Amino acid sequence: KEITVPINQKSMGQHKNFVVSLKSVSKGALLGDQSASICILGDDDDPIVTRVARFISPDEEEELSWASQFETALTLTRDIGPDGEPEPIPGRVLFLHFISVFWKLLFAFIPPRHYWNGKPCFLVSLFFIGGLTALIEQFATILGCAISLRTSATGITIIALGTSLPDTFASRAAALQDRHADAAIGNITGSNSVNVFLGLGVPWLIASIFHSANGSTYKVSNKNLSFSVFVFIICALGGLVVLTVRRRYYGGELGGPRKGKWISAIVLISLWLLYLTLAICKAYNFIEGF
C-alpha cells in the first residue's frame, strides 16, 4: 500500500528531514520489522554523506558548548505546524518552564559531555546528584517532623518518592526510546542495587572503621526493618509474577493492549500501596509481633 505525504511548498528546495512512523494499525493488520522511515528533502545531486555531515556536525557542536547550555535552559523552542509556521507555546509548557528554570540553570553549570572525554561531566553530575539527594532528605525529614510523621514512615514515603522519581522518569524515557524492556527495567534494578549495596554498605563500612579506630562498637537498631523487608520481598515477588504473566500472554514485559497495560499498572501500584500500608501500620504499632 502506498501512502502519500504532502510536502509544504515552503520546504521545497531546502535541506530538511522528517520521520514517518506507522502506529495503531487496524485489527488484523501487522507491522513489519521496520515501522518508521527518515525522509530527507534536498537536491538529488547532494550526496547523502554531505547531507548527514551537515545535519549532525555544526548543530551538535553548537549545542554541546558550555554557553549554549545556559541559552537552552532559558529559552523555549516553538514547534513547526503543518503549514510550516511556528505554533504558539502551550500554557502548560510555559508553566513547567517557569517552575523548573532554576534547576535548568543550576544543571547548566555541569560541563558538556565532550569536554575531556566526559570525565568532568560525569564527576560533576555525581556531585550535583549527591547534593540534591542530601537536600531532599533534609527537607523530607523537616516535613516529617512538622506533620508528626515517624522517621521510618518518612523514609518509605516522602524521601523514597523524592529520590526515586528521577529513576522513574529515566525508565520511562528508556521504555519509549528502546524497542526492548531491558533498559527500562534494568535501570530500576540497577538503581536499587546501588542503593542497597553501596548506599548502605559504604556508610556502614566507614562508620565501622571510625568506631573501631576510636575503640567503640558500632550498632544499628533494626526496629521495624525485618517486617518491612519481609513485606517488600512478598510485594517484589508479586511484581515478578506480573512481568512473567505479561511475557506469557503479551509477549513482553512492556507494551501490549491498553487493557493489559491498565491492569498491570493497577496491580503494581496496589502492591506499592500495600507495602506502604503494612509498613506504616507496623511503625505505629498497629501490627504486633514479628
# chains A, B, ... in the order shown; residues from 1 in each chain; ligands from 1
$ residues_around --residues "Ala134 (chain A)" --least-positions-apart "5" --cutoff "12 Å" --atoms "only C-alpha atoms" --output "JSON, numbers by chain"
{"A": [127, 128, 129, 139, 140, 141, 159, 162, 163]}
$ write_last_selection --atoms "C-alpha atoms" --output "tab-separated table (two decimals), in the first residue's frame"
chain	number	residue	atom	x	y	z
A	127	PHE	CA	28.36	15.76	42.91
A	128	PHE	CA	25.12	17.50	41.91
A	129	ILE	CA	23.05	14.35	42.36
A	139	PHE	CA	13.60	18.77	53.62
A	140	ALA	CA	11.72	15.49	53.89
A	141	THR	CA	12.90	14.99	57.46
A	159	ILE	CA	12.17	10.51	50.96
A	162	GLY	CA	11.79	12.31	46.18
A	163	THR	CA	14.84	10.17	45.45
$ residues_around --residues "region 220-224 of chain A" --least-positions-apart "2" --cutoff "7 Å" --atoms "only C-alpha atoms" --output "ChimeraX atom specification"
/A:218,226-228,282-283
$ select_by_dssp --residues "region 109-289 of chain A" --states "helix (DSSP H, G or I)" --output "MDAnalysis selection string"
chainID A and resid 115:146 151:177 182:198 201:213 225:250 258:283
$ residues_around --residues "Pro166 (chain A)" --least-positions-apart "4" --cutoff "12 Å" --atoms "only C-alpha atoms" --output "list of chain:residue names"
A:Ile129, A:Leu132, A:Thr133, A:Ala160, A:Leu161, A:Gly162, A:Ala170, A:Ser171, A:Arg172, A:Ala173, A:Asn187, A:Ile188, A:Ser191
$ write_last_selection --atoms "N, CA, C and O atoms" --output "mmCIF file, in the first residue's frame"
data_model
loop_
_atom_site.group_PDB
_atom_site.id
_atom_site.type_symbol
_atom_site.label_atom_id
_atom_site.label_comp_id
_atom_site.auth_asym_id
_atom_site.auth_seq_id
_atom_site.Cartn_x
_atom_site.Cartn_y
_atom_site.Cartn_z
ATOM 1 N N ILE A 129 24.059 15.318 41.936
ATOM 2 C CA ILE A 129 23.049 14.348 42.355
ATOM 3 C C ILE A 129 23.157 14.081 43.856
ATOM 4 O O ILE A 129 22.148 14.023 44.568
ATOM 5 N N LEU A 132 21.788 17.178 45.766
ATOM 6 C CA LEU A 132 20.330 17.270 45.715
ATOM 7 C C LEU A 132 19.670 16.175 46.545
ATOM 8 O O LEU A 132 18.636 16.401 47.178
ATOM 9 N N THR A 133 20.271 14.982 46.550
ATOM 10 C CA THR A 133 19.720 13.904 47.369
ATOM 11 C C THR A 133 19.785 14.258 48.853
ATOM 12 O O THR A 133 18.823 14.025 49.604
ATOM 13 N N ALA A 160 11.557 8.416 49.882
ATOM 14 C CA ALA A 160 11.607 7.437 48.793
ATOM 15 C C ALA A 160 11.058 8.021 47.494
ATOM 16 O O ALA A 160 11.620 7.813 46.418
ATOM 17 N N LEU A 161 9.958 8.759 47.585
ATOM 18 C CA LEU A 161 9.404 9.378 46.380
ATOM 19 C C LEU A 161 10.343 10.422 45.804
ATOM 20 O O LEU A 161 10.555 10.486 44.588
ATOM 21 N N GLY A 162 10.912 11.241 46.665
ATOM 22 C CA GLY A 162 11.790 12.307 46.184
ATOM 23 C C GLY A 162 13.048 11.791 45.516
ATOM 24 O O GLY A 162 13.538 12.384 44.539
ATOM 25 N N ALA A 170 13.585 8.377 34.129
ATOM 26 C CA ALA A 170 14.624 7.777 33.279
ATOM 27 C C ALA A 170 14.146 6.458 32.681
ATOM 28 O O ALA A 170 14.389 6.168 31.499
ATOM 29 N N SER A 171 13.450 5.651 33.476
ATOM 30 C CA SER A 171 12.918 4.386 32.961
ATOM 31 C C SER A 171 11.834 4.633 31.928
ATOM 32 O O SER A 171 11.730 3.895 30.933
ATOM 33 N N ARG A 172 11.029 5.644 32.132
ATOM 34 C CA ARG A 172 10.001 5.973 31.141
ATOM 35 C C ARG A 172 10.644 6.359 29.817
ATOM 36 O O ARG A 172 10.204 5.923 28.739
ATOM 37 N N ALA A 173 11.678 7.211 29.879
ATOM 38 C CA ALA A 173 12.360 7.608 28.648
ATOM 39 C C ALA A 173 12.993 6.408 27.954
ATOM 40 O O ALA A 173 12.935 6.278 26.726
ATOM 41 N N ASN A 187 17.288 -0.298 34.542
ATOM 42 C CA ASN A 187 17.581 0.949 35.249
ATOM 43 C C ASN A 187 17.049 0.901 36.679
ATOM 44 O O ASN A 187 17.721 1.354 37.619
ATOM 45 N N ILE A 188 15.847 0.347 36.864
ATOM 46 C CA ILE A 188 15.258 0.250 38.198
ATOM 47 C C ILE A 188 16.045 -0.722 39.077
ATOM 48 O O ILE A 188 16.410 -0.409 40.216
ATOM 49 N N SER A 191 19.497 0.681 39.883
ATOM 50 C CA SER A 191 19.439 1.752 40.872
ATOM 51 C C SER A 191 19.228 1.196 42.274
ATOM 52 O O SER A 191 19.867 1.636 43.234
#
$ residues_around --residues "Val124 (chain A)" --least-positions-apart "6" --cutoff "10 Å" --atoms "only C-alpha atoms" --output "PyMOL selection string"
chain A and resi 107+109-111+130
$ write_last_selection --atoms "all heavy atoms" --output "PDB file, in the first residue's frame"
ATOM      1  N   PHE A 107      21.820  23.061  36.609  1.00  0.00           N
ATOM      2  CA  PHE A 107      22.481  21.942  35.963  1.00  0.00           C
ATOM      3  C   PHE A 107      23.195  22.351  34.678  1.00  0.00           C
ATOM      4  O   PHE A 107      23.929  21.540  34.108  1.00  0.00           O
ATOM      5  CB  PHE A 107      21.472  20.829  35.680  1.00  0.00           C
ATOM      6  CG  PHE A 107      21.170  19.987  36.876  1.00  0.00           C
ATOM      7  CD1 PHE A 107      20.156  20.338  37.745  1.00  0.00           C
ATOM      8  CD2 PHE A 107      21.921  18.868  37.149  1.00  0.00           C
ATOM      9  CE1 PHE A 107      19.882  19.570  38.866  1.00  0.00           C
ATOM     10  CE2 PHE A 107      21.661  18.096  38.269  1.00  0.00           C
ATOM     11  CZ  PHE A 107      20.642  18.442  39.127  1.00  0.00           C
ATOM     12  N   PHE A 109      25.536  24.364  34.757  1.00  0.00           N
ATOM     13  CA  PHE A 109      26.927  24.500  35.190  1.00  0.00           C
ATOM     14  C   PHE A 109      27.716  23.210  35.004  1.00  0.00           C
ATOM     15  O   PHE A 109      28.942  23.219  35.119  1.00  0.00           O
ATOM     16  CB  PHE A 109      26.983  24.932  36.660  1.00  0.00           C
ATOM     17  CG  PHE A 109      26.638  26.369  36.884  1.00  0.00           C
ATOM     18  CD1 PHE A 109      25.361  26.749  37.245  1.00  0.00           C
ATOM     19  CD2 PHE A 109      27.599  27.352  36.721  1.00  0.00           C
ATOM     20  CE1 PHE A 109      25.035  28.072  37.451  1.00  0.00           C
ATOM     21  CE2 PHE A 109      27.289  28.685  36.924  1.00  0.00           C
ATOM     22  CZ  PHE A 109      25.996  29.050  37.286  1.00  0.00           C
ATOM     23  N   ILE A 110      27.052  22.095  34.768  1.00  0.00           N
ATOM     24  CA  ILE A 110      27.753  20.833  34.517  1.00  0.00           C
ATOM     25  C   ILE A 110      28.484  20.933  33.188  1.00  0.00           C
ATOM     26  O   ILE A 110      27.893  21.330  32.174  1.00  0.00           O
ATOM     27  CB  ILE A 110      26.767  19.658  34.499  1.00  0.00           C
ATOM     28  CG1 ILE A 110      26.074  19.518  35.859  1.00  0.00           C
ATOM     29  CG2 ILE A 110      27.469  18.355  34.128  1.00  0.00           C
ATOM     30  CD1 ILE A 110      25.030  18.427  35.907  1.00  0.00           C
ATOM     31  N   PRO A 111      29.759  20.586  33.131  1.00  0.00           N
ATOM     32  CA  PRO A 111      30.499  20.686  31.858  1.00  0.00           C
ATOM     33  C   PRO A 111      29.865  19.827  30.772  1.00  0.00           C
ATOM     34  O   PRO A 111      29.297  18.770  31.054  1.00  0.00           O
ATOM     35  CB  PRO A 111      31.899  20.161  32.226  1.00  0.00           C
ATOM     36  CG  PRO A 111      31.993  20.324  33.708  1.00  0.00           C
ATOM     37  CD  PRO A 111      30.612  20.123  34.236  1.00  0.00           C
ATOM     38  N   GLY A 130      24.385  13.927  44.361  1.00  0.00           N
ATOM     39  CA  GLY A 130      24.572  13.713  45.795  1.00  0.00           C
ATOM     40  C   GLY A 130      24.086  14.888  46.618  1.00  0.00           C
ATOM     41  O   GLY A 130      23.440  14.712  47.661  1.00  0.00           O
TER      42      GLY A 130
END
$ residues_around --residues "Leu278 (chain A)" --least-positions-apart "2" --cutoff "10 Å" --atoms "only C-alpha atoms" --output "JSON, numbers by chain"
{"A": [227, 228, 231, 232, 273, 274, 275, 276, 280, 281, 282, 283, 286, 287]}
$ atom_distance --atom1 "CA of Gln69 (chain A)" --atom2 "CA of Leu165 (chain A)"
23.6 Å
$ atom_distance --atom1 "CA of Val245 (chain A)" --atom2 "CA of Ala175 (chain A)"
18.7 Å
$ residues_around --residues "region 96-100 of chain A" --least-positions-apart "4" --cutoff "9 Å" --atoms "only C-alpha atoms" --output "PDB file with C-alpha atoms, in the first residue's frame"
ATOM      1  CA  ALA A  73      17.974  26.460  29.807  1.00  0.00           C
ATOM      2  CA  LEU A  74      16.421  29.928  29.422  1.00  0.00           C
ATOM      3  CA  THR A  75      14.731  29.611  26.038  1.00  0.00           C
ATOM      4  CA  LEU A  76      11.813  27.604  24.678  1.00  0.00           C
ATOM      5  CA  GLY A  91       0.479  27.313  28.595  1.00  0.00           C
ATOM      6  CA  ARG A  92       1.371  24.007  30.280  1.00  0.00           C
ATOM      7  CA  LYS A 104      17.794  24.085  34.410  1.00  0.00           C
ATOM      8  CA  LEU A 105      20.217  26.925  35.107  1.00  0.00           C
TER       9      LEU A 105
END
$ atom_distance --atom1 "CA of Phe18 (chain A)" --atom2 "CA of Cys39 (chain A)"
5.4 Å
$ decode --residues "region 123-135 of chain A" --atoms "all heavy atoms" --output "PDB file, in the first residue's frame"
ATOM      1  N   LEU A 123      31.790  13.376  36.807  1.00  0.00           N
ATOM      2  CA  LEU A 123      32.114  13.650  38.206  1.00  0.00           C
ATOM      3  C   LEU A 123      31.251  14.778  38.782  1.00  0.00           C
ATOM      4  O   LEU A 123      30.737  14.681  39.895  1.00  0.00           O
ATOM      5  CB  LEU A 123      33.603  14.005  38.331  1.00  0.00           C
ATOM      6  CG  LEU A 123      34.587  12.878  37.985  1.00  0.00           C
ATOM      7  CD1 LEU A 123      36.025  13.381  38.050  1.00  0.00           C
ATOM      8  CD2 LEU A 123      34.392  11.689  38.910  1.00  0.00           C
ATOM      9  N   VAL A 124      31.073  15.850  38.001  1.00  0.00           N
ATOM     10  CA  VAL A 124      30.258  16.972  38.485  1.00  0.00           C
ATOM     11  C   VAL A 124      28.794  16.550  38.609  1.00  0.00           C
ATOM     12  O   VAL A 124      28.086  16.965  39.529  1.00  0.00           O
ATOM     13  CB  VAL A 124      30.415  18.191  37.552  1.00  0.00           C
ATOM     14  CG1 VAL A 124      29.491  19.320  37.991  1.00  0.00           C
ATOM     15  CG2 VAL A 124      31.861  18.672  37.551  1.00  0.00           C
ATOM     16  N   SER A 125      28.327  15.700  37.684  1.00  0.00           N
ATOM     17  CA  SER A 125      26.945  15.211  37.775  1.00  0.00           C
ATOM     18  C   SER A 125      26.744  14.408  39.051  1.00  0.00           C
ATOM     19  O   SER A 125      25.713  14.549  39.719  1.00  0.00           O
ATOM     20  CB  SER A 125      26.613  14.351  36.551  1.00  0.00           C
ATOM     21  OG  SER A 125      26.686  15.103  35.370  1.00  0.00           O
ATOM     22  N   LEU A 126      27.708  13.550  39.398  1.00  0.00           N
ATOM     23  CA  LEU A 126      27.608  12.799  40.642  1.00  0.00           C
ATOM     24  C   LEU A 126      27.553  13.730  41.851  1.00  0.00           C
ATOM     25  O   LEU A 126      26.789  13.500  42.795  1.00  0.00           O
ATOM     26  CB  LEU A 126      28.796  11.844  40.770  1.00  0.00           C
ATOM     27  CG  LEU A 126      28.794  10.612  39.868  1.00  0.00           C
ATOM     28  CD1 LEU A 126      30.034   9.764  40.146  1.00  0.00           C
ATOM     29  CD2 LEU A 126      27.545   9.777  40.084  1.00  0.00           C
ATOM     30  N   PHE A 127      28.355  14.794  41.808  1.00  0.00           N
ATOM     31  CA  PHE A 127      28.360  15.760  42.909  1.00  0.00           C
ATOM     32  C   PHE A 127      27.000  16.454  43.027  1.00  0.00           C
ATOM     33  O   PHE A 127      26.455  16.612  44.132  1.00  0.00           O
ATOM     34  CB  PHE A 127      29.463  16.797  42.684  1.00  0.00           C
ATOM     35  CG  PHE A 127      29.462  17.910  43.694  1.00  0.00           C
ATOM     36  CD1 PHE A 127      29.991  17.706  44.966  1.00  0.00           C
ATOM     37  CD2 PHE A 127      28.936  19.153  43.376  1.00  0.00           C
ATOM     38  CE1 PHE A 127      29.979  18.730  45.901  1.00  0.00           C
ATOM     39  CE2 PHE A 127      28.934  20.174  44.301  1.00  0.00           C
ATOM     40  CZ  PHE A 127      29.456  19.958  45.564  1.00  0.00           C
ATOM     41  N   PHE A 128      26.427  16.846  41.896  1.00  0.00           N
ATOM     42  CA  PHE A 128      25.123  17.504  41.912  1.00  0.00           C
ATOM     43  C   PHE A 128      24.043  16.559  42.412  1.00  0.00           C
ATOM     44  O   PHE A 128      23.181  16.944  43.214  1.00  0.00           O
ATOM     45  CB  PHE A 128      24.770  18.005  40.506  1.00  0.00           C
ATOM     46  CG  PHE A 128      25.268  19.385  40.207  1.00  0.00           C
ATOM     47  CD1 PHE A 128      26.626  19.678  40.264  1.00  0.00           C
ATOM     48  CD2 PHE A 128      24.394  20.388  39.860  1.00  0.00           C
ATOM     49  CE1 PHE A 128      27.093  20.946  39.988  1.00  0.00           C
ATOM     50  CE2 PHE A 128      24.845  21.669  39.590  1.00  0.00           C
ATOM     51  CZ  PHE A 128      26.197  21.953  39.649  1.00  0.00           C
ATOM     52  N   ILE A 129      24.059  15.318  41.936  1.00  0.00           N
ATOM     53  CA  ILE A 129      23.049  14.348  42.355  1.00  0.00           C
ATOM     54  C   ILE A 129      23.157  14.081  43.856  1.00  0.00           C
ATOM     55  O   ILE A 129      22.148  14.023  44.568  1.00  0.00           O
ATOM     56  CB  ILE A 129      23.198  13.043  41.554  1.00  0.00           C
ATOM     57  CG1 ILE A 129      22.858  13.275  40.088  1.00  0.00           C
ATOM     58  CG2 ILE A 129      22.312  11.942  42.135  1.00  0.00           C
ATOM     59  CD1 ILE A 129      23.142  12.085  39.201  1.00  0.00           C
ATOM     60  N   GLY A 130      24.385  13.927  44.361  1.00  0.00           N
ATOM     61  CA  GLY A 130      24.572  13.713  45.795  1.00  0.00           C
ATOM     62  C   GLY A 130      24.086  14.888  46.618  1.00  0.00           C
ATOM     63  O   GLY A 130      23.440  14.712  47.661  1.00  0.00           O
ATOM     64  N   GLY A 131      24.382  16.102  46.154  1.00  0.00           N
ATOM     65  CA  GLY A 131      23.944  17.286  46.880  1.00  0.00           C
ATOM     66  C   GLY A 131      22.432  17.427  46.910  1.00  0.00           C
ATOM     67  O   GLY A 131      21.842  17.740  47.947  1.00  0.00           O
ATOM     68  N   LEU A 132      21.788  17.178  45.766  1.00  0.00           N
ATOM     69  CA  LEU A 132      20.330  17.270  45.715  1.00  0.00           C
ATOM     70  C   LEU A 132      19.670  16.175  46.545  1.00  0.00           C
ATOM     71  O   LEU A 132      18.636  16.401  47.178  1.00  0.00           O
ATOM     72  CB  LEU A 132      19.850  17.186  44.270  1.00  0.00           C
ATOM     73  CG  LEU A 132      20.103  18.435  43.416  1.00  0.00           C
ATOM     74  CD1 LEU A 132      19.620  18.206  41.990  1.00  0.00           C
ATOM     75  CD2 LEU A 132      19.402  19.642  44.010  1.00  0.00           C
ATOM     76  N   THR A 133      20.271  14.982  46.550  1.00  0.00           N
ATOM     77  CA  THR A 133      19.720  13.904  47.369  1.00  0.00           C
ATOM     78  C   THR A 133      19.785  14.258  48.853  1.00  0.00           C
ATOM     79  O   THR A 133      18.823  14.025  49.604  1.00  0.00           O
ATOM     80  CB  THR A 133      20.488  12.603  47.110  1.00  0.00           C
ATOM     81  OG1 THR A 133      20.411  12.276  45.719  1.00  0.00           O
ATOM     82  CG2 THR A 133      19.913  11.456  47.927  1.00  0.00           C
ATOM     83  N   ALA A 134      20.911  14.821  49.284  1.00  0.00           N
ATOM     84  CA  ALA A 134      21.027  15.246  50.683  1.00  0.00           C
ATOM     85  C   ALA A 134      20.036  16.360  51.004  1.00  0.00           C
ATOM     86  O   ALA A 134      19.443  16.387  52.093  1.00  0.00           O
ATOM     87  CB  ALA A 134      22.455  15.716  50.955  1.00  0.00           C
ATOM     88  N   LEU A 135      19.822  17.274  50.044  1.00  0.00           N
ATOM     89  CA  LEU A 135      18.871  18.360  50.261  1.00  0.00           C
ATOM     90  C   LEU A 135      17.445  17.820  50.387  1.00  0.00           C
ATOM     91  O   LEU A 135      16.672  18.254  51.260  1.00  0.00           O
ATOM     92  CB  LEU A 135      18.964  19.352  49.099  1.00  0.00           C
ATOM     93  CG  LEU A 135      18.147  20.642  49.225  1.00  0.00           C
ATOM     94  CD1 LEU A 135      18.655  21.487  50.394  1.00  0.00           C
ATOM     95  CD2 LEU A 135      18.217  21.436  47.929  1.00  0.00           C
TER      96      LEU A 135
END
